[in-house]
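Just below is one structure, and these are the notes that go with it.
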Amino acid sequence: MYRTVFSRIRLRAIAAVFLSTALGLAPDVSDASETRRTVALVAGQMTSNGIDEVFLPGKTDFINAGFAGVALGWEAQLDNPRWRAGIELQVNQHFGKNDHQEIVAPLTIRYSPDRPWPRAIDSFAFGLGLSHATSTPNTEIARRGNSQRTLVYFSLETAFAVGDRDSTLFLRLHHRSDAYGLMATDSGSNAFALGFRKSF
């Protein structure tokens with residue numbers, strides 16, 4: 001019981017810090033040069049893994065379920081030019097063992113590292129928001145016995161520069177969960193996604 005309460009407090013504290021960073025520190029965006037709009041094509045493969053083992057070498061278990069979609073993003077430069085905060089809207093079609101559509105709406109924070117990081121690495125990003133499925137995902141029901149249409153979403157992303165500075169390839173963890181009891185149903189899923197993003 002105490003562990004569950006502590007986890008909820010910790011999650012809410014992290015969310016509060018993230019929201020204050022993404023919203024409270026954002027600059028006056030009247031200067032269009034400090035803002036960036038993006039469009040991305042994304043495709044992902046679902047796993048049967050929990051978040052505690054999805055990154056363990058040799059433990060990742062890909063299943064017959066995937067998704068493809070498009071994501072629109074908007075980012076504003078913070079006071080430190082290496083940091084950007086923004087929002088994203090992603091719409092996915094799931095296939096295989098799942099057959100639903102998914103709408104994802106996270107707040108995002110992005111960091112572009114100083115050299116001597118490899119020049120190919122463009123940035124690292126984290127997103128936190130909600131994921132809504134048009135029907136309860138079959139793979140989540142199969143894994144945990146139950147699920148629900150709306151769950152908390154977060155993403156972890158590494159982006160790589162390709163061609164001009166306005167294009168990137170990215171690898172992303174696509175995560176849905178009840179967020180340590182924040183949502184009613186103890187369920188969730190993880191997927192690895194590959195995407196191509198263009199700024200405009």
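Residues are named by chain letter and number: chains run A, B, ... in the order of the structure tokens, numbers start at 1 in each chain, and ligands are numbered from 1 in the order shown.
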
List every residue of range 150-185 of chain A that has an atom at most 12 Å from any atom of range 84-90 of chain A, giving for each one its closest atom pair and the distance in Å to one decimal, counting only C-alpha atoms, sorted by chain and then by ascending residue number, as a tab-separated table.
```
residue	atom	partner	partner_atom	distance
A:Tyr153	CA	A:Gln90	CA	11.5
A:Phe154	CA	A:Glu88	CA	11.6
A:Ser155	CA	A:Glu88	CA	11.2
A:His174	CA	A:Gln90	CA	11.3
```

Selected residues written out with C-alpha atoms, as a PDB file, in the first residue's frame:
```
ATOM      1  CA  TYR A 153       1.569   7.864 -22.529  1.00  0.00           C
ATOM      2  CA  PHE A 154       5.257   8.594 -22.495  1.00  0.00           C
ATOM      3  CA  SER A 155       7.990   8.385 -25.097  1.00  0.00           C
ATOM      4  CA  HIS A 174       6.085   4.191 -27.337  1.00  0.00           C
TER       5      HIS A 174
END
```

| field | All strand (DSSP E) positions in range 14-186 of chain A, as a PyMOL selection string | value | chain A and resi 35-47+62-77+83-96+101-111+121-133+150-161+167-177

| query | Counting only C-alpha atoms, which of A:Gln45, A:Ser167, A:Ser112, A:Gln148 gets nearest to Lys97 in chain A? | reply | A:Gln45

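Pairwise distance (CA of Asn49 in chain A, CA of Pro106 in chain A) equals 22.1 Å.
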
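Taking CA of Ile109 in chain A as the reference point, CA of Ala65 in chain A is found at 28.3 Å.
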